[in-house]
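Engineer: The file below is work36.cif, mmCIF, C-alpha atoms:
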data_final
loop_
_atom_site.label_atom_id
_atom_site.label_comp_id
_atom_site.auth_asym_id
_atom_site.auth_seq_id
_atom_site.Cartn_x
_atom_site.Cartn_y
_atom_site.Cartn_z
CA MET A 1 3.47 -41.15 -28.92
CA GLN A 2 4.44 -38.74 -26.16
CA LYS A 3 4.78 -35.95 -28.71
CA ILE A 4 1.24 -36.62 -30.00
CA ALA A 5 -0.11 -36.58 -26.44
CA SER A 6 1.72 -33.30 -25.78
CA PHE A 7 0.32 -31.80 -28.96
CA LEU A 8 -3.24 -32.87 -28.06
CA TYR A 9 -2.85 -31.46 -24.56
CA ALA A 10 -1.57 -28.14 -25.88
CA THR A 11 -4.42 -28.04 -28.41
CA ARG A 12 -6.98 -28.62 -25.62
CA LEU A 13 -5.47 -25.82 -23.53
CA HIS A 14 -5.51 -23.39 -26.44
CA LEU A 15 -9.08 -24.38 -27.43
CA SER A 16 -10.20 -23.76 -23.84
CA LEU A 17 -8.74 -20.27 -23.98
CA VAL A 18 -10.47 -19.58 -27.31
CA LEU A 19 -13.76 -20.86 -25.82
CA VAL A 20 -13.41 -18.42 -22.93
CA LEU A 21 -12.91 -15.60 -25.46
CA VAL A 22 -16.06 -16.65 -27.36
CA LEU A 23 -18.12 -16.85 -24.16
CA GLY A 24 -16.90 -13.41 -23.24
CA GLY A 25 -18.33 -12.26 -26.55
CA MET A 26 -21.78 -12.56 -25.04
CA ALA A 27 -21.12 -9.19 -23.39
CA SER A 28 -20.74 -6.15 -25.63
CA ALA A 29 -17.26 -5.18 -26.70
CA ALA A 30 -15.56 -2.08 -25.33
CA HIS A 31 -12.73 -0.13 -26.87
CA ALA A 32 -9.53 -0.95 -25.09
CA GLN A 33 -6.96 1.68 -24.20
CA GLU A 34 -4.36 -0.67 -22.87
CA SER A 35 -0.82 -0.13 -21.75
CA PRO A 36 1.85 -2.06 -23.65
CA TYR A 37 3.51 -3.54 -20.55
CA ILE A 38 3.61 -7.30 -20.11
CA VAL A 39 5.44 -7.48 -16.77
CA ALA A 40 5.15 -3.98 -15.26
CA TYR A 41 1.84 -2.49 -14.11
CA ASP A 42 0.70 1.12 -14.32
CA HIS A 43 -1.96 2.55 -11.97
CA TYR A 44 -4.94 2.10 -14.25
CA LEU A 45 -7.52 -0.48 -13.21
CA GLU A 46 -10.17 -2.21 -15.26
CA GLU A 47 -13.33 -0.13 -15.71
CA PRO A 48 -16.08 -1.31 -13.32
CA GLY A 49 -18.23 -4.10 -14.72
CA ASN A 50 -15.82 -4.73 -17.61
CA LEU A 51 -14.27 -8.11 -18.29
CA GLU A 52 -11.00 -8.47 -20.14
CA LEU A 53 -9.86 -11.77 -21.58
CA GLU A 54 -6.20 -12.10 -22.44
CA TYR A 55 -3.85 -14.68 -23.88
CA PHE A 56 -0.07 -14.35 -23.69
CA SER A 57 2.84 -16.40 -25.01
CA THR A 58 6.50 -16.37 -24.10
CA PHE A 59 9.11 -18.11 -26.22
CA GLY A 60 12.33 -18.47 -24.28
CA THR A 61 15.79 -19.68 -25.18
CA GLN A 62 17.43 -22.00 -22.69
CA ARG A 63 21.14 -22.71 -22.33
CA GLY A 64 21.85 -26.16 -20.92
CA GLY A 65 18.33 -27.35 -21.75
CA ASN A 66 15.50 -27.14 -24.24
CA ASP A 67 13.91 -23.90 -25.44
CA TYR A 68 10.31 -23.47 -24.35
CA HIS A 69 7.00 -21.85 -25.10
CA ALA A 70 5.09 -20.77 -21.98
CA PHE A 71 1.54 -19.47 -22.24
CA TRP A 72 -1.12 -18.13 -19.95
CA GLY A 73 -4.71 -16.91 -20.04
CA GLU A 74 -6.01 -14.06 -17.92
CA ILE A 75 -9.55 -13.21 -16.88
CA GLU A 76 -9.57 -9.66 -15.54
CA TYR A 77 -12.64 -8.05 -14.04
CA GLY A 78 -13.28 -4.52 -12.81
CA ALA A 79 -15.21 -5.16 -9.59
CA THR A 80 -15.34 -1.45 -8.75
CA ALA A 81 -13.47 1.66 -9.89
CA TRP A 82 -10.94 0.98 -7.10
CA TRP A 83 -10.69 -2.84 -7.24
CA THR A 84 -9.67 -5.12 -10.10
CA THR A 85 -9.53 -8.87 -9.67
CA GLU A 86 -7.79 -11.30 -12.01
CA LEU A 87 -7.32 -15.03 -12.51
CA TYR A 88 -4.40 -16.53 -14.47
CA VAL A 89 -4.04 -20.07 -15.80
CA ASP A 90 -0.49 -21.06 -16.81
CA GLY A 91 1.00 -23.78 -18.98
CA GLN A 92 4.13 -24.47 -20.97
CA THR A 93 5.62 -26.60 -23.70
CA THR A 94 9.30 -27.47 -23.38
CA PHE A 95 10.57 -28.57 -26.78
CA ASN A 96 11.67 -32.21 -26.94
CA ASP A 97 10.04 -32.71 -23.55
CA SER A 98 6.32 -32.20 -22.85
CA THR A 99 3.39 -29.80 -22.53
CA ILE A 100 2.00 -29.35 -19.05
CA PHE A 101 -0.42 -27.24 -17.04
CA THR A 102 1.66 -25.42 -14.44
CA GLY A 103 -0.84 -23.76 -12.13
CA PHE A 104 -2.97 -20.71 -11.48
CA ARG A 105 -2.63 -17.28 -9.94
CA PHE A 106 -5.22 -15.01 -8.40
CA GLU A 107 -4.45 -11.33 -8.08
CA ASN A 108 -6.17 -8.22 -6.78
CA ARG A 109 -5.23 -4.62 -7.36
CA ILE A 110 -6.61 -1.92 -5.09
CA ARG A 111 -6.49 1.82 -5.53
CA PRO A 112 -6.25 3.43 -2.08
CA LEU A 113 -6.47 7.07 -3.20
CA GLN A 114 -9.57 8.59 -4.78
CA ARG A 115 -7.92 11.09 -7.10
CA GLU A 116 -4.87 11.49 -9.28
CA HIS A 117 -1.74 12.58 -7.46
CA PHE A 118 1.84 13.39 -8.35
CA ILE A 119 2.55 9.65 -8.01
CA ASN A 120 -0.30 7.16 -7.87
CA PRO A 121 0.03 4.03 -5.72
CA ILE A 122 -1.80 0.76 -6.25
CA LEU A 123 -1.67 -2.13 -3.78
CA TYR A 124 -1.28 -5.55 -5.36
CA PHE A 125 -1.94 -8.91 -3.68
CA GLU A 126 -1.44 -12.24 -5.40
CA TYR A 127 -1.79 -15.85 -4.40
CA GLU A 128 -0.29 -18.42 -6.73
CA GLN A 129 -0.37 -22.18 -6.74
CA ILE A 130 2.16 -23.22 -9.35
CA SER A 131 4.55 -26.05 -9.97
CA GLY A 132 8.31 -25.73 -10.30
CA ALA A 133 7.86 -26.11 -14.06
CA ASP A 134 6.10 -22.75 -14.44
CA LYS A 135 8.01 -20.67 -16.99
CA ILE A 136 5.80 -17.71 -17.85
CA LEU A 137 8.24 -15.31 -16.14
CA LYS A 138 5.44 -12.90 -15.31
CA GLU A 139 7.77 -11.56 -12.69
CA ASP A 140 11.38 -12.12 -11.77
CA GLU A 141 12.10 -12.46 -8.07
CA GLY A 142 14.74 -13.50 -5.54
CA HIS A 143 17.60 -15.46 -7.05
CA ASP A 144 15.68 -16.83 -10.06
CA VAL A 145 18.26 -17.64 -12.75
CA GLU A 146 18.16 -19.28 -16.17
CA ALA A 147 19.58 -22.58 -14.89
CA ASP A 148 16.45 -23.08 -12.71
CA TYR A 149 14.43 -23.52 -15.91
CA ALA A 150 16.61 -26.25 -17.41
CA VAL A 151 15.15 -28.98 -15.20
CA PRO A 152 13.07 -31.53 -17.21
CA ASN A 153 9.30 -31.12 -16.78
CA ALA A 154 8.84 -34.54 -15.16
CA LEU A 155 11.10 -33.47 -12.30
CA ALA A 156 10.22 -29.79 -12.10
CA ARG A 157 6.46 -30.40 -11.88
CA ARG A 158 6.92 -32.39 -8.64
CA GLU A 159 7.70 -29.15 -6.84
CA HIS A 160 4.50 -27.45 -5.66
CA ASN A 161 4.62 -23.81 -4.66
CA HIS A 162 1.98 -21.88 -2.76
CA GLU A 163 3.15 -18.33 -2.91
CA LEU A 164 1.91 -15.00 -1.61
CA GLU A 165 3.08 -11.96 -3.49
CA PHE A 166 2.73 -8.30 -2.63
CA LYS A 167 3.57 -5.38 -4.87
CA LEU A 168 3.53 -1.65 -4.54
CA LEU A 169 2.76 -0.23 -7.96
CA LEU A 170 3.70 3.41 -8.47
CA SER A 171 2.85 5.18 -11.67
CA LYS A 172 2.45 8.58 -13.21
CA THR A 173 1.31 9.87 -16.59
CA PHE A 174 2.72 13.22 -17.71
CA LYS A 175 2.47 14.78 -21.17
CA GLY A 176 1.49 11.43 -22.64
CA TRP A 177 4.36 9.53 -21.00
CA ASN A 178 3.56 6.86 -18.47
CA ILE A 179 6.28 5.95 -15.99
CA ALA A 180 5.68 2.91 -13.78
CA GLU A 181 7.74 1.39 -10.97
CA ASN A 182 6.77 -1.84 -9.21
CA THR A 183 8.43 -3.27 -6.10
CA LEU A 184 7.72 -6.90 -5.28
CA ALA A 185 7.96 -9.03 -2.13
CA ALA A 186 7.03 -12.72 -2.33
CA LYS A 187 6.86 -15.52 0.21
CA ASN A 188 6.64 -19.19 -0.69
CA LEU A 189 4.42 -20.78 1.97
CA THR A 190 5.82 -24.26 1.30
CA GLY A 191 9.09 -25.02 3.03
CA GLY A 192 11.15 -22.51 4.94
CA ASN A 193 11.78 -20.17 2.03
CA PRO A 194 12.70 -16.58 2.88
CA TRP A 195 10.93 -13.49 1.54
CA GLU A 196 12.13 -12.74 -1.98
CA PHE A 197 12.23 -9.39 -3.73
CA GLY A 198 12.09 -8.07 -7.26
CA TYR A 199 11.33 -5.00 -9.34
CA ALA A 200 9.87 -3.91 -12.66
CA ILE A 201 10.00 -0.48 -14.25
CA GLY A 202 8.47 0.78 -17.46
CA ALA A 203 7.99 3.86 -19.60
CA SER A 204 5.61 4.21 -22.53
CA ARG A 205 3.86 6.76 -24.72
CA PRO A 206 1.25 6.69 -27.50
CA LEU A 207 2.74 7.58 -30.88
CA ALA A 208 0.24 10.46 -31.17
CA LEU A 209 -1.59 12.28 -28.39
CA LYS A 210 -4.56 13.71 -30.31
CA ALA A 211 -7.27 11.41 -31.63
CA SER A 212 -8.17 11.51 -35.31
CA ALA A 213 -11.60 12.78 -36.27
CA LYS A 214 -12.28 9.51 -38.12
CA ARG A 215 -12.06 6.08 -36.54
CA CYS A 216 -9.15 4.16 -37.97
CA SER A 217 -7.05 1.08 -37.24
CA PHE A 218 -3.64 2.35 -38.28
CA CYS A 219 -3.76 5.85 -36.78
CA ARG A 220 -0.70 6.64 -34.70
CA GLU A 221 -2.72 7.20 -31.51
CA ASN A 222 -3.66 3.50 -31.54
CA PHE A 223 -0.04 2.46 -31.05
CA VAL A 224 1.68 2.72 -27.68
CA ALA A 225 5.41 2.04 -27.52
CA GLY A 226 7.79 1.83 -24.62
CA VAL A 227 10.30 -0.23 -22.73
CA GLU A 228 10.24 -2.25 -19.53
CA MET A 229 12.97 -3.67 -17.35
CA TYR A 230 12.60 -6.25 -14.60
CA GLY A 231 14.66 -8.50 -12.40
CA GLY A 232 15.26 -10.06 -9.01
CA LEU A 233 16.67 -8.35 -5.93
CA GLY A 234 17.64 -11.41 -3.89
CA ASP A 235 15.99 -12.47 -0.67
CA ARG A 236 15.86 -11.59 3.01
CA HIS A 237 19.17 -13.35 3.73
CA SER A 238 21.06 -12.05 0.70
CA PHE A 239 19.48 -8.89 -0.64
CA GLY A 240 21.10 -7.40 -3.73
CA LEU A 241 21.90 -8.06 -7.35
CA HIS A 242 24.27 -11.03 -7.06
CA ASP A 243 22.93 -14.30 -8.52
CA THR A 244 19.89 -12.57 -9.98
CA SER A 245 18.61 -12.24 -13.53
CA HIS A 246 17.52 -9.05 -15.28
CA TYR A 247 15.81 -8.24 -18.55
CA VAL A 248 15.13 -5.25 -20.74
CA ALA A 249 12.29 -5.43 -23.23
CA PRO A 250 10.92 -2.95 -25.76
CA VAL A 251 7.11 -3.17 -25.79
CA VAL A 252 4.50 -2.20 -28.37
CA ALA A 253 0.72 -2.33 -28.08
CA TRP A 254 -1.77 -1.84 -30.88
CA ASN A 255 -5.21 -0.86 -29.62
CA LEU A 256 -7.62 -1.71 -32.43
CA PRO A 257 -10.96 0.06 -32.72
CA SER A 258 -12.44 -3.42 -33.19
CA ASP A 259 -11.89 -3.93 -29.43
CA TRP A 260 -8.77 -6.05 -29.60
CA THR A 261 -5.32 -5.22 -28.30
CA LEU A 262 -2.17 -6.85 -29.59
CA ARG A 263 1.13 -6.66 -27.75
CA VAL A 264 4.64 -7.70 -28.80
CA SER A 265 7.80 -7.56 -26.72
CA PRO A 266 11.22 -9.00 -27.50
CA GLY A 267 13.16 -9.27 -24.22
CA PHE A 268 16.90 -9.50 -23.74
CA GLY A 269 18.79 -10.90 -20.77
CA LEU A 270 21.19 -8.40 -19.22
CA ASN A 271 23.57 -10.78 -17.48
CA ASP A 272 24.77 -14.38 -17.62
CA ASN A 273 22.06 -15.54 -15.22
CA SER A 274 19.31 -14.43 -17.60
CA HIS A 275 17.77 -16.16 -20.59
CA ARG A 276 19.44 -14.72 -23.67
CA PHE A 277 16.14 -13.96 -25.43
CA LEU A 278 12.45 -13.93 -24.60
CA LEU A 279 9.85 -13.22 -27.26
CA ARG A 280 6.49 -12.35 -25.79
CA TRP A 281 3.24 -11.55 -27.51
CA GLY A 282 -0.34 -11.28 -26.35
CA VAL A 283 -3.85 -10.66 -27.52
CA SER A 284 -6.69 -9.34 -25.39
CA ARG A 285 -10.26 -8.23 -25.72
CA GLU A 286 -12.29 -6.13 -23.35
CA PHE A 287 -16.04 -6.58 -22.85
CA SER A 288 -18.12 -3.95 -21.16
CA GLY A 289 -21.33 -4.73 -19.30
CA PHE A 290 -20.21 -8.15 -18.11
CA GLY A 291 -21.30 -7.34 -14.53
CA ASP A 292 -24.73 -6.28 -15.84
CA MET A 293 -24.98 -9.49 -17.86
CA ILE A 294 -24.31 -11.56 -14.73
CA ALA A 295 -26.85 -9.53 -12.78
CA ARG A 296 -29.48 -10.15 -15.49
CA LEU A 297 -28.72 -13.87 -15.33
CA PHE A 298 -29.70 -13.70 -11.66
CA GLY A 299 -32.97 -11.98 -12.41
CA ARG A 300 -32.33 -8.23 -12.46
CA GLN A 301 -34.50 -6.45 -15.03
CA LYS A 302 -32.99 -4.30 -17.76
CA PRO A 303 -33.25 -0.58 -16.98
CA MET B 25 4.12 -28.67 4.92
CA THR B 26 3.10 -27.69 8.47
CA THR B 27 -0.50 -27.60 9.69
CA ILE B 28 -0.34 -23.79 9.87
CA GLN B 29 0.85 -23.54 6.27
CA ALA B 30 -1.86 -25.93 5.09
CA ALA B 31 -4.52 -23.94 6.97
CA ALA B 32 -3.20 -20.67 5.50
CA ILE B 33 -3.41 -22.12 2.01
CA ARG B 34 -7.00 -23.31 2.60
CA ILE B 35 -8.03 -19.90 3.97
CA ILE B 36 -6.43 -18.09 1.01
CA SER B 37 -8.12 -20.43 -1.48
CA ALA B 38 -11.52 -19.92 0.19
CA GLY B 39 -10.99 -16.14 0.24
CA MET B 40 -10.02 -16.19 -3.40
CA PHE B 41 -13.20 -17.92 -4.56
CA LEU B 42 -15.30 -15.74 -2.26
CA ALA B 43 -13.73 -12.62 -3.80
CA LEU B 44 -14.41 -13.93 -7.31
CA ALA B 45 -18.05 -14.54 -6.41
CA VAL B 46 -18.48 -11.20 -4.65
CA SER B 47 -16.79 -8.94 -7.22
CA PRO B 48 -19.70 -8.76 -9.75
CA ILE B 49 -22.08 -8.04 -6.86
CA CYS B 50 -19.83 -5.16 -5.74
CA ALA B 51 -20.04 -3.58 -9.17
CA GLN B 52 -23.84 -3.88 -9.13
CA THR B 53 -24.12 -2.45 -5.62
CA GLU B 54 -22.05 0.59 -6.61
CA SER B 55 -24.19 1.33 -9.64
CA ALA B 56 -27.38 0.88 -7.59
CA LYS B 57 -25.97 3.33 -5.01
CA LEU B 58 -25.30 5.82 -7.78
CA LYS B 59 -28.91 5.59 -8.96
CA LYS B 60 -30.16 6.18 -5.43
CA ASP B 61 -27.93 9.24 -4.94
CA ASP B 62 -28.50 10.56 -8.43
CA GLY B 63 -29.48 14.07 -7.33
CA SER B 64 -26.15 14.75 -5.66
CA VAL B 65 -23.98 13.29 -8.40
CA TYR B 66 -23.32 16.74 -9.82
CA ASP B 67 -21.96 17.99 -6.47
CA GLU B 68 -18.65 16.54 -7.58
CA LEU B 69 -18.33 19.36 -10.13
CA ALA B 70 -18.04 21.90 -7.34
CA LYS B 71 -15.02 20.10 -5.92
CA ALA B 72 -12.74 21.07 -8.80
CA PRO B 73 -9.97 23.37 -7.52
CA LYS B 74 -10.26 26.96 -8.76
CA LYS B 75 -7.03 26.75 -10.72
CA ALA B 76 -8.20 23.60 -12.52
CA ALA B 77 -11.67 25.02 -13.16
CA ALA B 78 -10.16 28.14 -14.72
CA ARG B 79 -8.15 26.24 -17.33
CA ARG B 80 -9.14 26.98 -20.90
CA ASN B 81 -9.63 24.31 -23.52
CA PRO B 82 -6.57 24.57 -25.80
CA LEU B 83 -8.56 22.86 -28.56
CA GLU B 84 -11.63 25.11 -28.44
CA ASN B 85 -10.79 26.50 -31.89
CA ASP B 86 -9.82 23.14 -33.37
CA PRO B 87 -12.47 22.32 -36.00
CA GLU B 88 -11.90 18.57 -35.63
CA ALA B 89 -12.01 18.46 -31.83
CA VAL B 90 -15.77 17.94 -31.52
CA GLU B 91 -15.84 15.10 -34.05
CA ALA B 92 -12.80 13.40 -32.51
CA GLY B 93 -14.31 13.94 -29.05
CA ALA B 94 -17.57 12.33 -30.20
CA ASN B 95 -15.65 9.25 -31.33
CA LEU B 96 -13.77 9.08 -28.04
CA PHE B 97 -17.03 9.52 -26.11
CA THR B 98 -18.59 6.60 -28.01
CA LEU B 99 -15.56 4.42 -27.31
CA HIS B 100 -15.00 5.19 -23.64
CA CYS B 101 -18.00 6.95 -22.09
CA ALA B 102 -21.22 5.93 -23.87
CA GLU B 103 -21.41 2.55 -22.11
CA CYS B 104 -22.25 4.30 -18.82
CA HIS B 105 -23.44 7.78 -19.82
CA GLY B 106 -25.59 6.68 -22.77
CA ALA B 107 -24.97 6.91 -26.51
CA THR B 108 -25.93 10.59 -26.63
CA ALA B 109 -24.83 11.45 -23.07
CA GLU B 110 -28.44 11.30 -21.89
CA GLY B 111 -27.42 9.22 -18.85
CA GLY B 112 -27.80 5.56 -18.03
CA ARG B 113 -28.33 3.20 -15.14
CA LYS B 114 -24.71 3.57 -14.05
CA ALA B 115 -23.96 7.21 -14.70
CA PRO B 116 -25.76 10.56 -14.87
CA SER B 117 -26.77 12.64 -17.88
CA LEU B 118 -24.07 14.94 -19.21
CA ARG B 119 -26.69 17.17 -20.83
CA ALA B 120 -28.05 18.30 -17.49
CA ASP B 121 -27.72 21.96 -16.49
CA PRO B 122 -24.95 21.52 -13.90
CA VAL B 123 -22.73 19.93 -16.56
CA ARG B 124 -23.63 22.51 -19.17
CA ARG B 125 -22.80 25.30 -16.73
CA ALA B 126 -19.49 23.73 -15.71
CA THR B 127 -16.33 25.29 -17.14
CA PRO B 128 -14.24 23.24 -19.62
CA GLY B 129 -11.53 23.11 -16.94
CA THR B 130 -13.96 21.55 -14.47
CA LEU B 131 -15.01 18.85 -16.92
CA PHE B 132 -11.36 18.16 -17.73
CA TRP B 133 -10.59 17.85 -14.01
CA ILE B 134 -13.46 15.38 -13.49
CA LEU B 135 -12.31 13.32 -16.49
CA THR B 136 -8.74 13.27 -15.21
CA ASN B 137 -9.53 12.36 -11.61
CA GLY B 138 -12.70 10.32 -12.03
CA VAL B 139 -15.20 9.95 -9.23
CA VAL B 140 -13.78 6.69 -7.98
CA ARG B 141 -16.05 6.10 -4.99
CA ARG B 142 -19.11 6.49 -7.25
CA GLY B 143 -17.77 4.14 -9.90
CA MET B 144 -16.24 6.54 -12.44
CA PRO B 145 -12.66 5.53 -13.17
CA VAL B 146 -9.82 8.01 -13.66
CA TRP B 147 -9.28 8.75 -17.34
CA SER B 148 -5.80 10.20 -17.16
CA LYS B 149 -4.72 7.21 -19.25
CA LEU B 150 -6.14 9.12 -22.20
CA PRO B 151 -3.57 11.71 -23.27
CA GLU B 152 -4.45 15.32 -22.36
CA PRO B 153 -5.41 16.36 -25.92
CA GLN B 154 -7.91 13.47 -26.08
CA ARG B 155 -9.48 14.51 -22.78
CA TRP B 156 -9.82 18.06 -24.13
CA GLN B 157 -11.42 16.65 -27.30
CA ILE B 158 -14.03 14.92 -25.12
CA VAL B 159 -14.62 18.22 -23.29
CA SER B 160 -15.12 19.94 -26.67
CA TYR B 161 -17.73 17.34 -27.57
CA LEU B 162 -19.54 17.69 -24.22
CA LYS B 163 -19.63 21.46 -24.59
CA SER B 164 -21.14 21.07 -28.07
CA LEU B 165 -24.12 19.05 -26.82
CA PRO B 166 -27.54 20.67 -26.62
CA SER B 167 -29.41 20.57 -23.32
CA ALA B 168 -31.71 17.63 -22.55
CA GLU B 169 -34.79 19.87 -23.02
CA ALA B 170 -33.56 21.24 -26.35
CA SER B 171 -32.92 17.78 -27.75
CA ASN B 172 -36.40 16.66 -26.64
#
Now, as a test, write the supplied structure out as structure tokens.
Structural biologist:
Amino acid sequence: MQKIASFLYATRLHLSLVLVLVLGGMASAAHAQESPYIVAYDHYLEEPGNLELEYFSTFGTQRGGNDYHAFWGEIEYGATAWWTTELYVDGQTTFNDSTIFTGFRFENRIRPLQREHFINPILYFEYEQISGADKILKEDEGHDVEADYAVPNALARREHNHELEFKLLLSKTFKGWNIAENTLAAKNLTGGNPWEFGYAIGASRPLALKASAKRCSFCRENFVAGVEMYGGLGDRHSFGLHDTSHYVAPVVAWNLPSDWTLRVSPGFGLNDNSHRFLLRWGVSREFSGFGDMIARLFGRQKP
Amino acid sequence: MTTIQAAAIRIISAGMFLALAVSPICAQTESAKLKKDDGSVYDELAKAPKKAAARRNPLENDPEAVEAGANLFTLHCAECHGATAEGGRKAPSLRADPVRRATPGTLFWILTNGVVRRGMPVWSKLPEPQRWQIVSYLKSLPSAEASN
């Protein structure tokens, strides 16, 4: 009975995400030129007025517990050319346990400099309200280790976290290569938790730099491949690599001319504190003119 | 949870929903500002450094560059600049004289750096050859008067 309830709950969550994608279809589609990273960020923001809807899945192996499938939806909006705002909704299914909603995150990325520089900084602010059962591993921070995720959902979901997260995103693109480095500092507002730290780095490149004269789905320029690495750096009281987990993950994105982007990334734990294997994939679609559509809803005339 | 923590969480939540509500308005305000200042939009072209403006288009003799650039323009630029670069509510015409007079290097510099405060994002995420293909396409366009 519990399995049926879990299945129905998961189905409802997935249907909601599909519904959001369909609603987004009311705006016109825009061709995506997305980076392949799933954890790391480069310095490119959403184009102003564009809305991007994304769905991601993470399958994770778990020693000393049940494997899991964590999933999240993202609504990303380009408020201006220097400000992107984003809302995440997280959930997870732990096999032989249950499917639960695990919380939401709200992030903002701000570009402080007007032009391109040798290295381009982006300021990142996030507020998250998630339960202890959240397993999307969108970032790795502090002393997060695999054993933390082995707790049964019924127990883990009792822990409520209100967390502030700050990141400095540094990125550069040179001769087609993008190199990104993110430094993270997070503070859980519940309890007396110390500041925690983490990192993510990534490098990627399109398979071809010139565009073909004809539009095509399988042209090499539509594929971007790379690798990302991320992990925790301890906390204010015990900064460093001990009791932290780290991952390396090849990443591939396929930017389709039909406005969809698909991403796949098998991740591998680098030490005994890490999950052995994480398989991530995601699908996203970008819609241009969403801001205009909202403005028209509130009475602005078409130009 | 202490009173201060609870208050902080309430303030953050309120700020979050306010930001979500305000963000579409910000985008609209920026595009309206652009419309108002339309005459000075092309001033940005003069800001290209001399070295950047002097760069030559390495694809100027590539027979496929214009066609590929046209495709890229449709995918990434037409939403704001119009399907045939005639300009739109958000962004100016790219067939106007100041753009036609601009060197390929200047156009490449604008594409690379964007005009962020006026709402044009940086396009350095497109590889250099693709940005030059877009420049080739822009340079192939007839003037607004000629196409009329």
Engineer: For Glu139 (chain A), which residue among A:Glu86, A:Asp292, A:Glu126, A:Asp243 is the nearest when counting only C-alpha atoms?
Structural biologist: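 Checking each candidate against Glu139 (chain A), we get A:Glu126 as the closest.
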Engineer: Report as a ChimeraX atom specification the residues that result from applying the PyMOL selection byres ((chain A and resi 208) around 10) to the structure here.
Structural biologist: /A:176,205-207,209-212,219-224 /B:151,153
Engineer: Can you write just those residues out, C-alpha atoms, as an mmCIF file, in the frame of the given file?
Structural biologist:
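Okay, selection.cif is ready:
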data_model
loop_
_atom_site.group_PDB
_atom_site.id
_atom_site.type_symbol
_atom_site.label_atom_id
_atom_site.label_comp_id
_atom_site.auth_asym_id
_atom_site.auth_seq_id
_atom_site.Cartn_x
_atom_site.Cartn_y
_atom_site.Cartn_z
ATOM 1 C CA GLY A 176 1.490 11.430 -22.640
ATOM 2 C CA ARG A 205 3.860 6.760 -24.720
ATOM 3 C CA PRO A 206 1.250 6.690 -27.500
ATOM 4 C CA LEU A 207 2.740 7.580 -30.880
ATOM 5 C CA LEU A 209 -1.590 12.280 -28.390
ATOM 6 C CA LYS A 210 -4.560 13.710 -30.310
ATOM 7 C CA ALA A 211 -7.270 11.410 -31.630
ATOM 8 C CA SER A 212 -8.170 11.510 -35.310
ATOM 9 C CA CYS A 219 -3.760 5.850 -36.780
ATOM 10 C CA ARG A 220 -0.700 6.640 -34.700
ATOM 11 C CA GLU A 221 -2.720 7.200 -31.510
ATOM 12 C CA ASN A 222 -3.660 3.500 -31.540
ATOM 13 C CA PHE A 223 -0.040 2.460 -31.050
ATOM 14 C CA VAL A 224 1.680 2.720 -27.680
ATOM 15 C CA PRO B 151 -3.570 11.710 -23.270
ATOM 16 C CA PRO B 153 -5.410 16.360 -25.920
#
Engineer: Can you check which parts of chain A lie within 9 Å of chain B? Per residue, the shortest pair of atoms and distance in Å to one decimal, counting all atoms listed in the file, sorted by chain and number, as a tab-separated table.
Structural biologist:
residue	atom	partner	partner_atom	distance
A:Ala30	CA	B:Leu99	CA	6.8
A:His31	CA	B:Leu99	CA	5.4
A:Ala32	CA	B:His100	CA	8.4
A:Gln33	CA	B:Leu150	CA	7.7
A:Glu34	CA	B:Lys149	CA	8.7
A:Ser35	CA	B:Lys149	CA	8.7
A:Tyr44	CA	B:Lys149	CA	7.2
A:Leu45	CA	B:Pro145	CA	7.9
A:Glu46	CA	B:Pro145	CA	8.4
A:Glu47	CA	B:Pro145	CA	6.2
A:Pro48	CA	B:Ala51	CA	6.2
A:Gly49	CA	B:Ala51	CA	5.9
A:Tyr77	CA	B:Ser47	CA	8.0
A:Gly78	CA	B:Ala51	CA	7.7
A:Ala79	CA	B:Ser47	CA	4.7
A:Thr80	CA	B:Ala51	CA	5.2
A:Ala81	CA	B:Gly143	CA	5.0
A:Trp82	CA	B:Val140	CA	6.4
A:Trp83	CA	B:Ser47	CA	8.6
A:Thr84	CA	B:Ser47	CA	8.6
A:Thr85	CA	B:Leu44	CA	7.4
A:Glu86	CA	B:Leu44	CA	8.5
A:Leu87	CA	B:Leu44	CA	8.9
A:Phe106	CA	B:Met40	CA	7.0
A:Glu107	CA	B:Met40	CA	8.7
A:Leu113	CA	B:Val140	CA	8.7
A:Gln114	CA	B:Val140	CA	5.6
A:Arg115	CA	B:Asn137	CA	5.0
A:Glu116	CA	B:Asn137	CA	5.3
A:His117	CA	B:Asn137	CA	8.8
A:Tyr127	CA	B:Ile36	CA	7.5
A:His162	CA	B:Ile33	CA	7.2
A:Thr173	CA	B:Lys149	CA	7.1
A:Phe174	CA	B:Pro151	CA	8.5
A:Lys175	CA	B:Glu152	CA	7.0
A:Gly176	CA	B:Pro151	CA	5.1
A:Trp177	CA	B:Pro151	CA	8.5
A:Asn178	CA	B:Lys149	CA	8.3
A:Leu189	CA	B:Gln29	CA	6.2
A:Thr190	CA	B:Met25	CA	6.0
A:Gly191	CA	B:Met25	CA	6.4
A:Pro206	CA	B:Pro151	CA	8.1
A:Ala208	CA	B:Pro151	CA	8.9
A:Leu209	CA	B:Pro151	CA	5.5
A:Lys210	CA	B:Pro153	CA	5.2
A:Ala211	CA	B:Ala92	CA	5.9
A:Ser212	CA	B:Ala92	CA	5.7
A:Ala213	CA	B:Ala92	CA	4.0
A:Lys214	CA	B:Ala92	CA	6.8
A:Arg215	CA	B:Asn95	CA	7.1
A:Pro257	CA	B:Leu99	CA	8.3
A:Ser288	CA	B:Glu103	CA	7.3
A:Gly289	CA	B:Glu103	CA	7.8
A:Phe290	CA	B:Pro48	CA	8.4
A:Gly291	CA	B:Pro48	CA	5.2
A:Asp292	CA	B:Gln52	CA	7.2
A:Ile294	CA	B:Pro48	CA	7.3
A:Ala295	CA	B:Gln52	CA	7.4
A:Pro303	CA	B:Arg113	CA	6.5
